[in-house]
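Please read the structure below before turning to the comments.
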Amino acid sequence: GRGVPQDDAEAARYYRIGAEQGDAKAQHQFAVCRELGKGVPQDIGEAARYYRLAAEQGLAEAQLNIGLFCEQGRDGPQDIGEAARLYHLATEQGFARSQYTLGKLLLQEAAAGRALPAAPGEAARFLAQAAQQTEDEESRLE
């Protein structure tokens, strides 16, 4: 913490309070705590539940993270279609990490002969958008 010693358990406690009150950012942060076991015991099922709650409220970071769970089969069977849907929701908000992840997934699936329903060239478009946003962010930091 800033000005106080870092206390993961205390941070997780506050995130949980906010999460239980329906705050999407707190739900996402509490999910991260549960996923990584920071301040609370690691629990992938609980992490997925809180990521889903935040994703349902439209939080792009949570949509990406629960999409990763779906893609990797971390909380149930692998579901590439659901992962792509969630990545796309975050991508529509201009979230660069989701643009990159969706573009990469579309390319991987096409290379494996399992093309997802997407317009031709969509993977390249998402990857280009992610690259452009990354460049824009770097130029603002200079």
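The way I read the labels, and the way they are meant: chains A, B, ... in the order of the structure tokens, residue 1 as the first residue of every chain, and ligand 1 as the first ligand shown, with later ones counted on from there.
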
What lies within 10 Å of Thr101 in chain A using only C-alpha atoms, ignoring chain neighbours under 2 positions off, as a ChimeraX atom specification? /A:64,67-68,83-84,87-88,91,96-99,103-107,123,126-127,130

List every residue of range 61-117 of chain A that has an atom at most 12 Å from any atom of range 19-30 of chain A, giving for each one its closest atom pair and the distance in Å to one decimal, counting only C-alpha atoms, sorted by chain and then by ascending residue number, as JSON lines.
```
{"residue": "A:Glu61", "atom": "CA", "partner": "A:His28", "partner_atom": "CA", "distance": 7.6}
{"residue": "A:Ala62", "atom": "CA", "partner": "A:His28", "partner_atom": "CA", "distance": 5.9}
{"residue": "A:Gln63", "atom": "CA", "partner": "A:His28", "partner_atom": "CA", "distance": 9.6}
{"residue": "A:Leu64", "atom": "CA", "partner": "A:His28", "partner_atom": "CA", "distance": 10.8}
{"residue": "A:Asn65", "atom": "CA", "partner": "A:His28", "partner_atom": "CA", "distance": 8.9}
{"residue": "A:Ile66", "atom": "CA", "partner": "A:His28", "partner_atom": "CA", "distance": 10.0}
```

For those residues, write N, CA and C atoms to a file as a CSV table (one decimal), in the first residue's frame.
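The resulting file, selection-v2.csv, is shown below:
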```
chain,number,residue,atom,x,y,z
A,61,GLU,N,-11.9,-5.9,-18.5
A,61,GLU,CA,-10.9,-6.8,-17.9
A,61,GLU,C,-11.4,-8.1,-17.4
A,62,ALA,N,-12.6,-8.1,-16.9
A,62,ALA,CA,-13.3,-9.3,-16.4
A,62,ALA,C,-13.7,-10.2,-17.6
A,63,GLN,N,-14.2,-9.5,-18.6
A,63,GLN,CA,-14.6,-10.3,-19.8
A,63,GLN,C,-13.4,-11.0,-20.4
A,64,LEU,N,-12.3,-10.3,-20.4
A,64,LEU,CA,-11.0,-11.0,-20.9
A,64,LEU,C,-10.7,-12.1,-20.0
A,65,ASN,N,-10.6,-11.9,-18.7
A,65,ASN,CA,-10.2,-13.0,-17.8
A,65,ASN,C,-11.1,-14.2,-17.7
A,66,ILE,N,-12.4,-14.0,-17.8
A,66,ILE,CA,-13.3,-15.1,-17.8
A,66,ILE,C,-13.2,-15.8,-19.2
```

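With distances restricted to only C-alpha atoms, A:Arg16 is the closest residue to Gly39 in chain A from A:Gly76, A:Arg114, A:Gln93, A:Arg16.
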
Write out as a list in words each polymer residue whose atoms come within 10 Å of Asp8 in chain A, counting only C-alpha atoms; drop sequence neighbours fewer than 6 positions from it. Gly1, Tyr14, Cys33, Gly37, Lys38, Gly39 and Val40 of chain A

Go ahead and write the residues just picked, N, CA and C atoms, as an mmCIF file, in the first residue's frame.
```
data_model
loop_
_atom_site.group_PDB
_atom_site.id
_atom_site.type_symbol
_atom_site.label_atom_id
_atom_site.label_comp_id
_atom_site.auth_asym_id
_atom_site.auth_seq_id
_atom_site.Cartn_x
_atom_site.Cartn_y
_atom_site.Cartn_z
ATOM 1 N N GLY A 1 0.794 -1.173 0.000
ATOM 2 C CA GLY A 1 0.000 0.000 0.000
ATOM 3 C C GLY A 1 0.845 1.248 0.000
ATOM 4 N N TYR A 14 -11.452 -5.988 1.754
ATOM 5 C CA TYR A 14 -12.156 -4.817 1.230
ATOM 6 C C TYR A 14 -12.705 -5.074 -0.169
ATOM 7 N N CYS A 33 -7.668 -11.904 -6.635
ATOM 8 C CA CYS A 33 -7.169 -12.422 -5.345
ATOM 9 C C CYS A 33 -7.437 -13.914 -5.219
ATOM 10 N N GLY A 37 -4.557 -16.521 -5.128
ATOM 11 C CA GLY A 37 -4.359 -16.830 -3.721
ATOM 12 C C GLY A 37 -3.683 -15.696 -2.972
ATOM 13 N N LYS A 38 -3.994 -14.457 -3.351
ATOM 14 C CA LYS A 38 -3.409 -13.283 -2.687
ATOM 15 C C LYS A 38 -4.333 -12.802 -1.580
ATOM 16 N N GLY A 39 -3.960 -13.066 -0.340
ATOM 17 C CA GLY A 39 -4.722 -12.605 0.809
ATOM 18 C C GLY A 39 -5.875 -13.509 1.188
ATOM 19 N N VAL A 40 -6.190 -14.456 0.343
ATOM 20 C CA VAL A 40 -7.255 -15.439 0.570
ATOM 21 C C VAL A 40 -6.786 -16.757 -0.037
#
```

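From CA of Glu92 in chain A back to CA of Gly73 in chain A, the distance works out to 23.7 Å.
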
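In terms of minimum interatomic distance to Gln108 in chain A, A:Glu71 ranks closest within A:Ala131, A:Leu89, A:Glu71, A:Gly94, counting only C-alpha atoms.
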
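Residue nearest Ala90 in chain A, chosen from A:Gly18, A:Pro41, A:Pro5, A:Gly58 and counting only C-alpha atoms: A:Gly58.
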